[in-house]
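Below is my_file.cif, holding mmCIF, C-alpha atoms.
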data_input
#
loop_
_atom_site.label_atom_id
_atom_site.label_comp_id
_atom_site.auth_asym_id
_atom_site.auth_seq_id
_atom_site.Cartn_x
_atom_site.Cartn_y
_atom_site.Cartn_z
CA MET A 737 156.99 133.95 -42.53
CA GLU A 738 153.35 133.23 -41.82
CA LEU A 739 150.96 135.39 -43.80
CA LYS A 740 148.17 136.91 -41.74
CA THR A 741 146.40 138.21 -44.81
CA LYS A 742 145.70 135.73 -47.58
CA ILE A 743 144.53 136.36 -51.12
CA ASP A 744 142.95 133.57 -53.13
CA ALA A 745 142.84 134.47 -56.80
CA ILE A 746 142.17 131.40 -58.90
CA GLU A 747 143.29 131.86 -62.47
CA GLY A 748 140.49 132.47 -64.91
CA LYS A 749 137.89 133.34 -62.24
CA GLN A 750 136.41 136.83 -61.93
CA GLU A 751 136.58 136.91 -58.16
CA ILE A 752 139.06 136.94 -55.31
CA VAL A 753 138.81 136.03 -51.65
CA ILE A 754 140.73 137.99 -49.02
CA THR A 755 140.94 136.44 -45.55
CA ARG A 756 142.48 137.79 -42.40
CA GLU A 757 142.51 136.76 -38.77
CA PHE A 758 142.61 139.55 -36.21
CA GLU A 759 143.75 139.67 -32.61
CA LEU A 760 140.57 141.56 -31.86
CA PRO A 761 137.16 140.60 -30.49
CA LEU A 762 134.56 140.36 -33.25
CA GLU A 763 132.71 143.49 -32.04
CA LEU A 764 135.85 145.64 -32.29
CA LEU A 765 136.67 144.35 -35.77
CA PHE A 766 133.14 145.15 -36.92
CA LYS A 767 133.29 148.60 -35.30
CA ALA A 768 136.35 149.41 -37.42
CA TYR A 769 134.11 148.99 -40.48
CA ILE A 770 131.18 151.13 -39.35
CA GLU A 771 132.60 154.10 -37.40
CA PRO A 772 133.56 156.76 -39.96
CA GLU A 773 136.44 158.23 -37.93
CA ILE A 774 137.97 154.77 -37.47
CA VAL A 775 137.52 153.85 -41.15
CA GLU A 776 139.28 157.11 -42.03
CA GLN A 777 142.32 156.11 -39.97
CA TRP A 778 142.99 152.64 -41.25
CA MET A 779 141.83 153.11 -44.84
CA GLY A 780 143.71 156.42 -45.11
CA THR A 781 140.67 158.13 -46.61
CA LYS A 782 138.07 160.77 -45.89
CA VAL A 783 134.61 159.36 -45.24
CA LEU A 784 131.98 161.59 -46.84
CA LYS A 785 129.09 159.23 -46.26
CA LEU A 786 128.67 155.85 -44.57
CA GLU A 787 125.11 154.68 -44.09
CA ASN A 788 125.32 151.33 -42.33
CA LYS A 789 122.00 149.87 -43.38
CA ARG A 790 120.29 148.05 -46.20
CA HIS A 791 119.88 150.43 -49.16
CA GLY A 792 122.37 152.81 -47.56
CA GLY A 793 125.15 154.46 -49.52
CA TRP A 794 128.79 155.12 -48.82
CA GLN A 795 131.29 157.57 -50.27
CA PHE A 796 135.01 157.99 -49.59
CA GLU A 797 137.47 160.56 -50.89
CA THR A 798 141.21 159.95 -50.87
CA LEU A 799 144.06 162.33 -51.64
CA ASP A 800 147.07 160.84 -53.40
CA PRO A 801 150.61 162.07 -52.61
CA LYS A 802 150.29 164.60 -55.45
CA GLY A 803 147.14 166.06 -53.90
CA ASN A 804 144.72 164.65 -56.49
CA LYS A 805 141.31 163.63 -55.22
CA HIS A 806 140.04 160.10 -55.83
CA GLY A 807 136.45 159.13 -55.17
CA PHE A 808 135.19 155.71 -54.11
CA SER A 809 131.54 154.89 -53.58
CA GLY A 810 128.87 152.25 -53.54
CA VAL A 811 125.67 151.05 -51.96
CA ILE A 812 125.00 148.64 -49.13
CA HIS A 813 122.77 145.72 -49.96
CA GLU A 814 122.84 143.79 -46.73
CA PHE A 815 123.87 144.83 -43.24
CA ILE A 816 123.85 142.40 -40.33
CA PRO A 817 125.85 143.73 -37.32
CA ASN A 818 128.87 141.63 -36.34
CA GLU A 819 128.11 139.23 -39.14
CA LYS A 820 127.81 140.46 -42.68
CA ILE A 821 128.05 143.43 -45.02
CA THR A 822 127.22 143.06 -48.71
CA ARG A 823 128.03 146.14 -50.76
CA THR A 824 129.17 147.45 -54.09
CA PHE A 825 132.47 149.27 -54.51
CA GLU A 826 133.40 151.54 -57.36
CA MET A 827 136.46 153.61 -58.11
CA GLU A 828 135.09 156.81 -59.62
CA ASN A 829 136.61 157.95 -62.94
CA ALA A 830 138.20 154.53 -63.44
CA PRO A 831 137.36 152.15 -66.28
CA PHE A 832 136.62 149.15 -64.05
CA GLY A 833 132.98 149.63 -63.08
CA PRO A 834 131.49 148.47 -59.79
CA GLN A 835 132.50 145.31 -57.96
CA LEU A 836 130.38 143.32 -55.55
CA GLU A 837 131.80 142.65 -52.08
CA PHE A 838 130.65 140.10 -49.53
CA LEU A 839 132.20 140.75 -46.13
CA GLU A 840 131.72 138.05 -43.54
CA PHE A 841 132.80 138.58 -39.94
CA GLU A 842 133.31 135.61 -37.70
CA LYS A 843 134.12 135.15 -34.01
CA LEU A 844 137.03 132.75 -33.43
CA THR A 845 137.61 133.14 -29.68
CA ALA A 846 136.67 135.87 -27.19
CA ASP A 847 139.72 137.84 -28.35
CA THR A 848 140.15 136.83 -31.97
CA SER A 849 138.06 137.14 -35.08
CA LYS A 850 138.18 136.56 -38.80
CA LEU A 851 137.17 138.49 -41.88
CA ARG A 852 136.41 136.84 -45.20
CA MET A 853 135.96 139.23 -48.08
CA GLN A 854 134.76 137.84 -51.40
CA VAL A 855 135.03 140.33 -54.24
CA VAL A 856 133.33 139.71 -57.58
CA TYR A 857 134.40 141.71 -60.64
CA ARG A 858 132.63 142.19 -63.95
CA SER A 859 135.23 140.15 -65.86
CA VAL A 860 138.42 138.16 -65.41
CA SER A 861 140.45 140.82 -67.17
CA ILE A 862 139.10 143.60 -64.93
CA ARG A 863 139.94 141.50 -61.89
CA ASP A 864 143.50 140.99 -63.10
CA GLN A 865 143.94 144.69 -63.86
CA ILE A 866 142.78 145.68 -60.37
CA LEU A 867 145.04 143.05 -58.78
CA GLN A 868 147.98 144.60 -60.60
CA LEU A 869 147.29 148.20 -59.56
CA PRO A 870 149.39 148.22 -56.39
CA PHE A 871 152.20 146.51 -58.29
CA ALA A 872 152.06 149.19 -60.97
CA GLN A 873 152.01 151.99 -58.42
CA GLY A 874 155.46 150.89 -57.57
CA ILE A 875 157.44 149.50 -54.75
CA ASN A 876 158.25 152.90 -53.30
CA MET A 877 154.62 153.37 -52.38
CA ALA A 878 154.58 150.03 -50.60
CA HIS A 879 157.68 151.10 -48.75
CA ASN A 880 156.14 154.43 -47.72
CA ARG A 881 153.03 152.75 -46.40
CA LEU A 882 155.09 150.27 -44.43
CA GLN A 883 157.19 153.09 -43.02
CA GLU A 884 154.06 155.00 -42.03
CA ILE A 885 152.72 152.06 -40.10
CA VAL A 886 156.03 151.30 -38.47
CA ASN A 887 156.26 154.94 -37.34
CA LYS A 888 152.83 154.75 -35.77
CA LEU A 889 153.80 151.60 -33.89
CA LYS A 890 156.78 153.26 -32.24
CA MET B 929 162.57 148.78 -33.19
CA ASN B 930 163.17 145.71 -35.23
CA LEU B 931 162.16 146.33 -38.83
CA ARG B 932 160.77 143.34 -40.57
CA ARG B 933 163.01 142.62 -43.51
CA ASP B 934 161.02 141.89 -46.59
CA VAL B 935 161.87 142.06 -50.25
CA PHE B 936 159.71 145.09 -50.94
CA GLN B 937 161.31 147.09 -48.21
CA ALA B 938 164.70 146.03 -49.51
CA ILE B 939 164.13 147.10 -53.09
CA ALA B 940 162.44 150.39 -52.16
CA ASP B 941 165.93 151.89 -51.91
CA PRO B 942 167.55 153.02 -55.19
CA THR B 943 171.09 152.05 -54.13
CA ARG B 944 169.95 148.55 -53.27
CA ARG B 945 168.18 148.24 -56.61
CA ALA B 946 171.43 149.29 -58.29
CA ILE B 947 173.35 146.65 -56.30
CA LEU B 948 170.92 143.95 -57.42
CA LEU B 949 171.39 145.00 -61.05
CA LEU B 950 175.16 144.91 -60.62
CA VAL B 951 175.35 141.40 -59.21
CA ALA B 952 172.69 140.09 -61.58
CA SER B 953 175.34 139.58 -64.24
CA GLN B 954 178.16 138.23 -62.04
CA SER B 955 179.13 137.43 -58.45
CA MET B 956 181.06 140.28 -56.84
CA THR B 957 182.92 141.03 -53.63
CA ALA B 958 181.75 143.80 -51.30
CA GLY B 959 184.78 145.87 -52.36
CA ALA B 960 184.02 145.52 -56.06
CA ILE B 961 180.38 146.48 -55.45
CA ALA B 962 181.33 149.50 -53.31
CA ALA B 963 183.70 150.72 -56.04
CA ASN B 964 180.60 151.43 -58.16
CA PHE B 965 179.11 153.89 -55.70
CA ASP B 966 180.05 157.29 -54.28
CA THR B 967 178.65 156.32 -50.89
CA SER B 968 180.96 155.14 -48.13
CA ARG B 969 182.00 151.52 -47.78
CA PRO B 970 180.11 151.02 -44.46
CA THR B 971 176.93 152.34 -46.12
CA VAL B 972 177.30 149.85 -48.95
CA SER B 973 177.98 147.11 -46.38
CA LYS B 974 174.76 148.00 -44.62
CA HIS B 975 172.85 147.72 -47.90
CA LEU B 976 174.47 144.35 -48.58
CA GLN B 977 173.50 143.20 -45.11
CA ILE B 978 169.85 144.15 -45.68
CA LEU B 979 169.77 142.46 -49.09
CA THR B 980 171.33 139.34 -47.58
CA GLU B 981 168.97 139.31 -44.60
CA CYS B 982 165.95 139.29 -46.85
CA GLU B 983 167.64 136.64 -49.01
CA LEU B 984 167.76 138.63 -52.23
CA LEU B 985 171.54 138.16 -52.13
CA LYS B 986 173.49 135.08 -51.16
CA GLN B 987 177.02 135.04 -49.84
CA GLU B 988 179.59 132.55 -51.01
CA GLN B 989 183.09 132.11 -49.65
CA ASN B 990 185.69 131.79 -52.42
CA GLY B 991 189.17 131.50 -50.95
CA ARG B 992 189.68 134.53 -48.72
CA GLU B 993 187.00 136.54 -50.46
CA MET B 994 183.26 136.65 -49.83
CA TYR B 995 181.24 136.91 -53.02
CA TYR B 996 177.67 138.13 -53.34
CA HIS B 997 175.29 136.76 -55.91
CA LEU B 998 171.62 137.05 -56.72
CA ASN B 999 169.09 134.59 -55.28
CA PRO B 1000 166.78 133.99 -58.23
CA ASN B 1001 164.10 132.25 -56.13
CA LYS B 1002 163.68 135.29 -53.94
CA MET B 1003 163.66 137.59 -56.95
CA LYS B 1004 160.61 135.68 -58.18
CA GLU B 1005 158.71 136.96 -55.16
CA ILE B 1006 159.05 140.46 -56.55
CA ALA B 1007 157.77 139.29 -59.88
CA ASP B 1008 154.66 137.88 -58.22
CA PHE B 1009 152.20 140.55 -59.21
CA ILE B 1010 149.62 139.71 -56.56
CA GLU B 1011 152.03 140.22 -53.67
CA PRO B 1012 151.82 144.06 -53.63
CA PHE B 1013 148.02 143.78 -53.64
CA ARG B 1014 148.16 141.38 -50.70
CA LYS B 1015 150.61 143.61 -48.94
CA MET B 1016 148.36 146.64 -49.43
CA TRP B 1017 145.55 144.80 -47.62
CA ASP B 1018 147.91 143.39 -45.03
CA ASP B 1019 149.14 146.91 -44.24
CA ARG B 1020 145.58 148.19 -43.96
CA PHE B 1021 144.51 145.33 -41.72
CA ASN B 1022 147.61 145.72 -39.54
CA LYS B 1023 146.70 149.36 -39.12
CA LEU B 1024 143.11 148.46 -38.29
CA GLU B 1025 144.34 145.99 -35.69
CA THR B 1026 146.69 148.51 -34.10
CA ILE B 1027 144.02 151.21 -33.97
CA MET B 1028 141.40 148.91 -32.45
CA LYS B 1029 143.80 147.53 -29.85
CA LYS B 1030 144.40 151.09 -28.67
CA TYR B 1031 140.67 151.75 -28.84
CA LYS B 1032 140.06 148.74 -26.61
CA SER B 1033 142.53 149.91 -23.98
CA LYS B 1034 140.96 153.37 -23.95
CA GLU B 1035 137.55 152.01 -23.07
#

Now that the file is in, can you turn its structure into structure tokens?
Amino acid sequence: MELKTKIDAIEGKQEIVITREFELPLELLFKAYIEPEIVEQWMGTKVLKLENKRHGGWQFETLDPKGNKHGFSGVIHEFIPNEKITRTFEMENAPFGPQLEFLEFEKLTADTSKLRMQVVYRSVSIRDQILQLPFAQGINMAHNRLQEIVNKLK
Amino acid sequence: MNLRRDVFQAIADPTRRAILLLVASQSMTAGAIAANFDTSRPTVSKHLQILTECELLKQEQNGREMYYHLNPNKMKEIADFIEPFRKMWDDRFNKLETIMKKYKSKE
């Protein structure tokens, strides 16, 4: 099975690199990152604020299956349309602190594009804890998400 | 609709997790496995089929009987703690792709 989404997490480093190739033109891929109503759909979150510009801020709010609210927020440091977004990301009320994200968008062909997301954490141990979160949340969650997507594809 | 068989989908079901625990200690026939559950034999067979398709279980012919045993290499995939993180992003990106493909056709 070929993996469309790749995670590079070198042991002992406080960063990871997520790469993904999309069957989408670059402009559409970038649009999915800047239009609040589209972000809401694929991230499964509510977008309270999304200022796509240098010194802009962003704020998301997500409800978990139990109905608890979780806040995510950060600021945008660099914004170059169809090319680059540099921003911070922080899970509110979590012990991890902010992380720095470099998102690079690249055109492959007229109909395909690539995203490279480099995420830098404060420490190696924080990185490893965050990497383990989805694992800890349990396999049932993964199953539910998969099922949700499959249902939408029908 | 052809569901992609992957290990996480397979072990999301409690009966299938119980089957994996059962055969972890010894190879068993479908009949012996089914005897441990209240569910019908065809239901257990379906679970065995899914576990075999995603290679968590391996079949081995022993005389007239087919025995099921655990595939330890595949079980390691579950132990890989980064995989659920990757899958979380993969799911999100798949969703993004699906949404934007529809968006494109609407334009």

Using the chain letters and numbering of this document, enumerate as a PDB file with C-alpha atoms, in the frame of the given file the residues selected by the PyMOL selection byres ((chain B) within 8 of (chain A)).
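What landed in out-v9.pdb:
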ATOM      1  CA  MET B 929     162.570 148.780 -33.190  1.00  0.00           C
ATOM      2  CA  LEU B 931     162.160 146.330 -38.830  1.00  0.00           C
ATOM      3  CA  PHE B 936     159.710 145.090 -50.940  1.00  0.00           C
ATOM      4  CA  GLN B 937     161.310 147.090 -48.210  1.00  0.00           C
ATOM      5  CA  ILE B 939     164.130 147.100 -53.090  1.00  0.00           C
ATOM      6  CA  ALA B 940     162.440 150.390 -52.160  1.00  0.00           C
ATOM      7  CA  ASP B 941     165.930 151.890 -51.910  1.00  0.00           C
ATOM      8  CA  PHE B1009     152.200 140.550 -59.210  1.00  0.00           C
ATOM      9  CA  ILE B1010     149.620 139.710 -56.560  1.00  0.00           C
ATOM     10  CA  GLU B1011     152.030 140.220 -53.670  1.00  0.00           C
ATOM     11  CA  PRO B1012     151.820 144.060 -53.630  1.00  0.00           C
ATOM     12  CA  PHE B1013     148.020 143.780 -53.640  1.00  0.00           C
ATOM     13  CA  ARG B1014     148.160 141.380 -50.700  1.00  0.00           C
ATOM     14  CA  LYS B1015     150.610 143.610 -48.940  1.00  0.00           C
ATOM     15  CA  MET B1016     148.360 146.640 -49.430  1.00  0.00           C
ATOM     16  CA  TRP B1017     145.550 144.800 -47.620  1.00  0.00           C
ATOM     17  CA  ASP B1018     147.910 143.390 -45.030  1.00  0.00           C
ATOM     18  CA  ASP B1019     149.140 146.910 -44.240  1.00  0.00           C
ATOM     19  CA  ARG B1020     145.580 148.190 -43.960  1.00  0.00           C
ATOM     20  CA  PHE B1021     144.510 145.330 -41.720  1.00  0.00           C
ATOM     21  CA  LYS B1023     146.700 149.360 -39.120  1.00  0.00           C
ATOM     22  CA  LEU B1024     143.110 148.460 -38.290  1.00  0.00           C
ATOM     23  CA  GLU B1025     144.340 145.990 -35.690  1.00  0.00           C
ATOM     24  CA  THR B1026     146.690 148.510 -34.100  1.00  0.00           C
ATOM     25  CA  ILE B1027     144.020 151.210 -33.970  1.00  0.00           C
ATOM     26  CA  MET B1028     141.400 148.910 -32.450  1.00  0.00           C
ATOM     27  CA  LYS B1029     143.800 147.530 -29.850  1.00  0.00           C
ATOM     28  CA  LYS B1032     140.060 148.740 -26.610  1.00  0.00           C
TER      29      LYS B1032
END

* Test item: the PyMOL selection byres ((chain A and resi 827-837) around 12) resolved as number ranges by chain -> A: 750-754, 795-798, 805-814, 820-826, 838-840, 852-867, 869

Restricting it to C-alpha atoms, dump the selection as a PDB file, keeping the file's coordinate frame.
ATOM      1  CA  GLN A 750     136.410 136.830 -61.930  1.00  0.00           C
ATOM      2  CA  GLU A 751     136.580 136.910 -58.160  1.00  0.00           C
ATOM      3  CA  ILE A 752     139.060 136.940 -55.310  1.00  0.00           C
ATOM      4  CA  VAL A 753     138.810 136.030 -51.650  1.00  0.00           C
ATOM      5  CA  ILE A 754     140.730 137.990 -49.020  1.00  0.00           C
ATOM      6  CA  GLN A 795     131.290 157.570 -50.270  1.00  0.00           C
ATOM      7  CA  PHE A 796     135.010 157.990 -49.590  1.00  0.00           C
ATOM      8  CA  GLU A 797     137.470 160.560 -50.890  1.00  0.00           C
ATOM      9  CA  THR A 798     141.210 159.950 -50.870  1.00  0.00           C
ATOM     10  CA  LYS A 805     141.310 163.630 -55.220  1.00  0.00           C
ATOM     11  CA  HIS A 806     140.040 160.100 -55.830  1.00  0.00           C
ATOM     12  CA  GLY A 807     136.450 159.130 -55.170  1.00  0.00           C
ATOM     13  CA  PHE A 808     135.190 155.710 -54.110  1.00  0.00           C
ATOM     14  CA  SER A 809     131.540 154.890 -53.580  1.00  0.00           C
ATOM     15  CA  GLY A 810     128.870 152.250 -53.540  1.00  0.00           C
ATOM     16  CA  VAL A 811     125.670 151.050 -51.960  1.00  0.00           C
ATOM     17  CA  ILE A 812     125.000 148.640 -49.130  1.00  0.00           C
ATOM     18  CA  HIS A 813     122.770 145.720 -49.960  1.00  0.00           C
ATOM     19  CA  GLU A 814     122.840 143.790 -46.730  1.00  0.00           C
ATOM     20  CA  LYS A 820     127.810 140.460 -42.680  1.00  0.00           C
ATOM     21  CA  ILE A 821     128.050 143.430 -45.020  1.00  0.00           C
ATOM     22  CA  THR A 822     127.220 143.060 -48.710  1.00  0.00           C
ATOM     23  CA  ARG A 823     128.030 146.140 -50.760  1.00  0.00           C
ATOM     24  CA  THR A 824     129.170 147.450 -54.090  1.00  0.00           C
ATOM     25  CA  PHE A 825     132.470 149.270 -54.510  1.00  0.00           C
ATOM     26  CA  GLU A 826     133.400 151.540 -57.360  1.00  0.00           C
ATOM     27  CA  PHE A 838     130.650 140.100 -49.530  1.00  0.00           C
ATOM     28  CA  LEU A 839     132.200 140.750 -46.130  1.00  0.00           C
ATOM     29  CA  GLU A 840     131.720 138.050 -43.540  1.00  0.00           C
ATOM     30  CA  ARG A 852     136.410 136.840 -45.200  1.00  0.00           C
ATOM     31  CA  MET A 853     135.960 139.230 -48.080  1.00  0.00           C
ATOM     32  CA  GLN A 854     134.760 137.840 -51.400  1.00  0.00           C
ATOM     33  CA  VAL A 855     135.030 140.330 -54.240  1.00  0.00           C
ATOM     34  CA  VAL A 856     133.330 139.710 -57.580  1.00  0.00           C
ATOM     35  CA  TYR A 857     134.400 141.710 -60.640  1.00  0.00           C
ATOM     36  CA  ARG A 858     132.630 142.190 -63.950  1.00  0.00           C
ATOM     37  CA  SER A 859     135.230 140.150 -65.860  1.00  0.00           C
ATOM     38  CA  VAL A 860     138.420 138.160 -65.410  1.00  0.00           C
ATOM     39  CA  SER A 861     140.450 140.820 -67.170  1.00  0.00           C
ATOM     40  CA  ILE A 862     139.100 143.600 -64.930  1.00  0.00           C
ATOM     41  CA  ARG A 863     139.940 141.500 -61.890  1.00  0.00           C
ATOM     42  CA  ASP A 864     143.500 140.990 -63.100  1.00  0.00           C
ATOM     43  CA  GLN A 865     143.940 144.690 -63.860  1.00  0.00           C
ATOM     44  CA  ILE A 866     142.780 145.680 -60.370  1.00  0.00           C
ATOM     45  CA  LEU A 867     145.040 143.050 -58.780  1.00  0.00           C
ATOM     46  CA  LEU A 869     147.290 148.200 -59.560  1.00  0.00           C
TER      47      LEU A 869
END

* Suppose you want the space between CA of Ile816 in chain A and CA of Ala846 in chain A; what is it in Å? ->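 Between CA of Ile816 in chain A and CA of Ala846 in chain A the gap works out to 19.5 Å.
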
* To do: Specify as an MDAnalysis selection string each residue included when the PyMOL selection byres ((chain B and resi 976) around 10) is applied to this file.
  => chainID B and resid 938 944 947:948 958 961:962 970:975 977:981 984:987 996

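The interatomic distance for the pair CA of Glu988 in chain B and CA of Asp1008 in chain B works out to 26.5 Å.
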
Hey, could you pull the box centre and edge lengths for range 797-814 of chain A, axis-aligned, 5 Å padding per side, all listed atoms, to one decimal in Å, as JSON?
{"center_x": 136.7, "center_y": 154.9, "center_z": -51.6, "size_x": 37.8, "size_y": 32.3, "size_z": 19.8}
